[in-house]
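File shown: query-v5.cif (mmCIF, C-alpha atoms).
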```cif
data_model
#
loop_
_atom_site.label_atom_id
_atom_site.label_comp_id
_atom_site.auth_asym_id
_atom_site.auth_seq_id
_atom_site.Cartn_x
_atom_site.Cartn_y
_atom_site.Cartn_z
CA MET A 1 0.64 4.10 3.58
CA ILE A 2 -0.45 6.89 5.84
CA GLY A 3 -3.71 8.79 5.61
CA LEU A 4 -4.28 11.85 7.78
CA LEU A 5 -8.02 12.30 7.41
CA GLN A 6 -9.99 15.32 8.45
CA ARG A 7 -13.77 15.53 8.51
CA VAL A 8 -14.60 18.74 6.66
CA SER A 9 -17.52 20.99 5.84
CA SER A 10 -15.56 21.99 2.73
CA ALA A 11 -12.04 21.71 1.35
CA SER A 12 -10.11 22.69 -1.75
CA VAL A 13 -6.62 22.54 -3.19
CA SER A 14 -5.09 25.02 -5.63
CA VAL A 15 -1.94 24.99 -7.73
CA GLY A 16 -0.66 28.26 -9.12
CA GLY A 17 -3.89 30.04 -8.22
CA ARG A 18 -6.03 27.45 -10.08
CA CYS A 19 -8.40 25.20 -8.11
CA VAL A 20 -7.58 21.57 -8.97
CA GLY A 21 -9.88 19.85 -6.45
CA GLU A 22 -12.80 20.91 -4.29
CA ILE A 23 -15.39 19.16 -2.12
CA GLY A 24 -18.23 20.06 0.21
CA ARG A 25 -19.00 17.89 3.23
CA GLY A 26 -16.69 14.89 3.40
CA LEU A 27 -13.07 13.97 4.06
CA MET A 28 -9.86 15.76 3.15
CA VAL A 29 -7.02 13.24 3.34
CA LEU A 30 -3.30 13.96 3.26
CA SER A 31 -1.65 10.74 2.07
CA CYS A 32 1.91 9.50 2.18
CA VAL A 33 3.64 6.51 0.66
CA ARG A 34 6.46 4.93 2.68
CA ARG A 35 9.39 2.92 1.34
CA GLU A 36 8.01 -0.40 2.61
CA ASP A 37 4.49 0.06 1.22
CA THR A 38 3.05 -2.36 -1.33
CA PRO A 39 0.15 -2.00 -3.78
CA LYS A 40 -1.99 -3.86 -1.24
CA ASP A 41 -1.44 -0.95 1.20
CA ALA A 42 -2.95 1.50 -1.29
CA THR A 43 -6.10 -0.56 -1.84
CA ARG A 44 -6.44 -1.24 1.89
CA LEU A 45 -6.12 2.48 2.70
CA ALA A 46 -8.84 3.25 0.15
CA GLU A 47 -11.19 0.77 1.83
CA ARG A 48 -10.44 2.18 5.27
CA LEU A 49 -10.93 5.81 4.22
CA LEU A 50 -14.31 5.11 2.67
CA GLY A 51 -15.48 2.89 5.53
CA TYR A 52 -14.05 4.71 8.56
CA ARG A 53 -16.92 5.93 10.75
CA VAL A 54 -16.36 9.62 11.48
CA PHE A 55 -19.74 11.17 10.64
CA PRO A 56 -22.52 11.49 13.20
CA ASP A 57 -25.67 9.40 13.20
CA GLU A 58 -29.04 10.67 14.43
CA SER A 59 -27.77 10.35 18.03
CA GLY A 60 -24.65 12.41 17.34
CA ARG A 61 -22.31 9.38 17.59
CA MET A 62 -19.61 8.81 14.98
CA ASN A 63 -21.27 5.79 13.35
CA ARG A 64 -21.44 6.81 9.68
CA SER A 65 -18.74 6.51 7.04
CA LEU A 66 -18.03 8.58 3.95
CA ALA A 67 -19.69 5.86 1.89
CA ASP A 68 -22.77 6.05 4.15
CA ILE A 69 -23.22 9.81 3.72
CA GLY A 70 -22.12 10.03 0.07
CA GLY A 71 -19.75 12.91 0.82
CA GLY A 72 -16.74 14.14 -1.10
CA LEU A 73 -13.21 12.83 -0.80
CA LEU A 74 -10.23 15.10 -1.45
CA LEU A 75 -6.92 13.21 -1.63
CA VAL A 76 -3.75 15.29 -1.33
CA PRO A 77 -0.28 13.73 -1.62
CA GLN A 78 2.05 14.76 1.20
CA PHE A 79 5.36 12.93 1.64
CA THR A 80 6.23 14.95 4.77
CA LEU A 81 3.94 12.70 6.83
CA ALA A 82 6.75 10.12 6.75
CA ALA A 83 9.14 12.53 8.47
CA ASP A 84 11.32 11.34 11.31
CA THR A 85 11.36 14.26 13.77
CA ARG A 86 12.84 12.52 16.81
CA LYS A 87 16.24 14.22 16.65
CA GLY A 88 17.57 17.65 15.86
CA THR A 89 15.75 20.55 14.29
CA ARG A 90 15.38 19.27 10.73
CA ALA A 91 13.19 16.37 9.64
CA SER A 92 14.56 13.28 7.92
CA PHE A 93 12.54 11.80 5.08
CA THR A 94 14.34 8.46 4.73
CA LYS A 95 11.10 6.57 5.46
CA ALA A 96 9.26 8.21 2.54
CA ALA A 97 9.07 6.43 -0.80
CA ASP A 98 11.04 7.84 -3.71
CA PRO A 99 9.00 10.19 -5.92
CA GLU A 100 8.39 7.60 -8.66
CA LYS A 101 6.96 5.04 -6.24
CA GLY A 102 5.10 7.78 -4.38
CA ARG A 103 3.34 8.93 -7.56
CA GLU A 104 2.55 5.36 -8.65
CA TYR A 105 1.00 4.40 -5.30
CA PHE A 106 -0.84 7.71 -4.89
CA ASP A 107 -2.38 7.12 -8.34
CA LEU A 108 -3.30 3.58 -7.23
CA LEU A 109 -4.97 5.00 -4.11
CA VAL A 110 -6.95 7.47 -6.24
CA GLU A 111 -7.98 4.75 -8.69
CA SER A 112 -9.04 2.43 -5.85
CA CYS A 113 -11.13 5.19 -4.26
CA ARG A 114 -12.75 6.12 -7.58
CA ASN A 115 -13.68 2.48 -8.17
CA LEU A 116 -15.57 2.51 -4.86
CA HIS A 117 -16.86 6.09 -4.56
CA ARG A 118 -18.29 8.65 -6.98
CA ASP A 119 -16.97 11.99 -5.63
CA VAL A 120 -13.16 11.82 -5.48
CA GLN A 121 -11.02 14.91 -6.09
CA THR A 122 -7.24 15.21 -5.83
CA GLY A 123 -4.34 17.52 -5.37
CA GLU A 124 -1.44 17.43 -7.81
CA PHE A 125 1.49 15.15 -7.05
CA GLY A 126 4.78 17.03 -6.72
CA ALA A 127 3.19 20.47 -7.03
CA ASP A 128 3.34 23.40 -4.64
CA MET A 129 -0.26 23.22 -3.39
CA GLN A 130 -2.36 25.52 -1.26
CA VAL A 131 -4.91 23.57 0.76
CA SER A 132 -7.94 25.21 2.37
CA LEU A 133 -10.38 23.43 4.61
CA VAL A 134 -13.00 23.87 7.27
CA ASN A 135 -12.38 21.05 9.73
CA ASP A 136 -15.75 19.93 11.10
CA GLY A 137 -15.52 19.13 14.81
CA PRO A 138 -12.56 19.29 14.63
CA VAL A 139 -12.19 15.61 13.73
CA THR A 140 -8.79 14.34 12.59
CA PHE A 141 -7.47 10.76 12.48
CA TRP A 142 -4.10 9.23 11.52
CA ILE A 143 -4.73 5.97 9.65
CA GLU A 144 -2.12 3.50 8.44
CA SER A 145 -2.52 0.54 6.15
#
```
Same coordinates, now as structure tokens:
Amino acid sequence: MIGLLQRVSSASVSVGGRCVGEIGRGLMVLSCVRREDTPKDATRLAERLLGYRVFPDESGRMNRSLADIGGGLLLVPQFTLAADTRKGTRASFTKAADPEKGREYFDLLVESCRNLHRDVQTGEFGADMQVSLVNDGPVTFWIES
């Protein structure tokens, strides 16, 4: 699985003009399930997202994790992260999981995160979403499980 995490001051996701997820300080993560992913990848990604040190300590160094600061986590499904853009002018999505597997593993990621962390919000799988965020830093990391 892929997680594109961004350290945020705030983030939200809306569907049809209705806010479906919103956090203050924390991480907004675009997540993608690939064809070869297993359930173990979803649980491993959850552990990595919650433990990845991207928040500053008292010295200003990135030594604190989301779990350390108790911030919010906004998970947004985004299959386009699996795009192959090496050729031509149109992306290929052959590496992305089919929608059924994508939904199943995204739900597993959400469940795994909620079992480990109290403030987990989500986007809506398969929906046309509008995502707003204030990237703090900016700090953005591509994480794979």
Nearest to A:Ala82 among A:Arg44, A:Arg34, A:Arg18, A:Arg61, with distances taken over only C-alpha atoms: which residue is it?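 Between A:Arg44, A:Arg34, A:Arg18, A:Arg61, the residue approaching A:Ala82 most closely is A:Arg34.
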So how far away is atom CA of A:Asp119 from atom CA of A:Gly70, in Å?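 For atom CA of A:Gly70 relative to atom CA of A:Asp119, the distance reads 7.9 Å.
Closest approach to A:Tyr52 among A:Trp142, A:Phe93, A:Tyr105, A:Phe79: A:Trp142, based on only C-alpha atoms.
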Given the file shown, enumerate the residues that the PyMOL selection byres ((chain A and resi 42) around 12) captures and present them as a PyMOL selection string. chain A and resi 1-3+31-34+36-41+43-49+101-113+143-145
Expected file: the selected residues, C-alpha atoms, as a PDB file, in the coordinates of the input:
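The result, written out as again.pdb:
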```
ATOM      1  CA  MET A   1       0.640   4.100   3.580  1.00  0.00           C
ATOM      2  CA  ILE A   2      -0.450   6.890   5.840  1.00  0.00           C
ATOM      3  CA  GLY A   3      -3.710   8.790   5.610  1.00  0.00           C
ATOM      4  CA  SER A  31      -1.650  10.740   2.070  1.00  0.00           C
ATOM      5  CA  CYS A  32       1.910   9.500   2.180  1.00  0.00           C
ATOM      6  CA  VAL A  33       3.640   6.510   0.660  1.00  0.00           C
ATOM      7  CA  ARG A  34       6.460   4.930   2.680  1.00  0.00           C
ATOM      8  CA  GLU A  36       8.010  -0.400   2.610  1.00  0.00           C
ATOM      9  CA  ASP A  37       4.490   0.060   1.220  1.00  0.00           C
ATOM     10  CA  THR A  38       3.050  -2.360  -1.330  1.00  0.00           C
ATOM     11  CA  PRO A  39       0.150  -2.000  -3.780  1.00  0.00           C
ATOM     12  CA  LYS A  40      -1.990  -3.860  -1.240  1.00  0.00           C
ATOM     13  CA  ASP A  41      -1.440  -0.950   1.200  1.00  0.00           C
ATOM     14  CA  THR A  43      -6.100  -0.560  -1.840  1.00  0.00           C
ATOM     15  CA  ARG A  44      -6.440  -1.240   1.890  1.00  0.00           C
ATOM     16  CA  LEU A  45      -6.120   2.480   2.700  1.00  0.00           C
ATOM     17  CA  ALA A  46      -8.840   3.250   0.150  1.00  0.00           C
ATOM     18  CA  GLU A  47     -11.190   0.770   1.830  1.00  0.00           C
ATOM     19  CA  ARG A  48     -10.440   2.180   5.270  1.00  0.00           C
ATOM     20  CA  LEU A  49     -10.930   5.810   4.220  1.00  0.00           C
ATOM     21  CA  LYS A 101       6.960   5.040  -6.240  1.00  0.00           C
ATOM     22  CA  GLY A 102       5.100   7.780  -4.380  1.00  0.00           C
ATOM     23  CA  ARG A 103       3.340   8.930  -7.560  1.00  0.00           C
ATOM     24  CA  GLU A 104       2.550   5.360  -8.650  1.00  0.00           C
ATOM     25  CA  TYR A 105       1.000   4.400  -5.300  1.00  0.00           C
ATOM     26  CA  PHE A 106      -0.840   7.710  -4.890  1.00  0.00           C
ATOM     27  CA  ASP A 107      -2.380   7.120  -8.340  1.00  0.00           C
ATOM     28  CA  LEU A 108      -3.300   3.580  -7.230  1.00  0.00           C
ATOM     29  CA  LEU A 109      -4.970   5.000  -4.110  1.00  0.00           C
ATOM     30  CA  VAL A 110      -6.950   7.470  -6.240  1.00  0.00           C
ATOM     31  CA  GLU A 111      -7.980   4.750  -8.690  1.00  0.00           C
ATOM     32  CA  SER A 112      -9.040   2.430  -5.850  1.00  0.00           C
ATOM     33  CA  CYS A 113     -11.130   5.190  -4.260  1.00  0.00           C
ATOM     34  CA  ILE A 143      -4.730   5.970   9.650  1.00  0.00           C
ATOM     35  CA  GLU A 144      -2.120   3.500   8.440  1.00  0.00           C
ATOM     36  CA  SER A 145      -2.520   0.540   6.150  1.00  0.00           C
TER      37      SER A 145
END
```
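Proximity ranking of A:Asp136, A:Asp98, A:Asp57, A:Glu124 relative to A:Val8 places A:Asp136 first, based on only C-alpha atoms.
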For the file shown, what are the residues hit by the PyMOL selection byres ((chain A and resi 118) around 12), laid out as JSON, numbers by chain? {"A": [23, 50, 66, 67, 69, 70, 71, 72, 73, 74, 110, 111, 112, 113, 114, 115, 116, 117, 119, 120, 121]}
On this structure, the PyMOL selection byres ((chain A and resi 20) around 10) would catch which residues? List them as a VMD selection string, sorted by chain and number. chain A and resid 12 to 19 21 to 22 121 to 124 129
Box along x, y and z, 8 Å on every side, all listed atoms of stretch 129-132 of chain A inside: centre and edge lengths in Å to one decimal, as AutoDock Vina command-line options.
```
--center_x -4.1 --center_y 24.4 --center_z -0.5 --size_x 23.7 --size_y 18.3 --size_z 21.8
```
If you count all atoms listed in the file, which residues fall within 7 Å of A:Gln6, apart from same-chain ones fewer than 2 positions away, as a list in words?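 My list of contacting residues is Leu4, Val8, Leu27, Met28, Val29, Asn135, Val139, Thr140 and Phe141 of chain A.
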Computed interatomic separation between atom CA of A:Ser92 and atom CA of A:Gln78 (Å):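 Atom CA of A:Gln78 lies at a distance of 14.3 Å from atom CA of A:Ser92.
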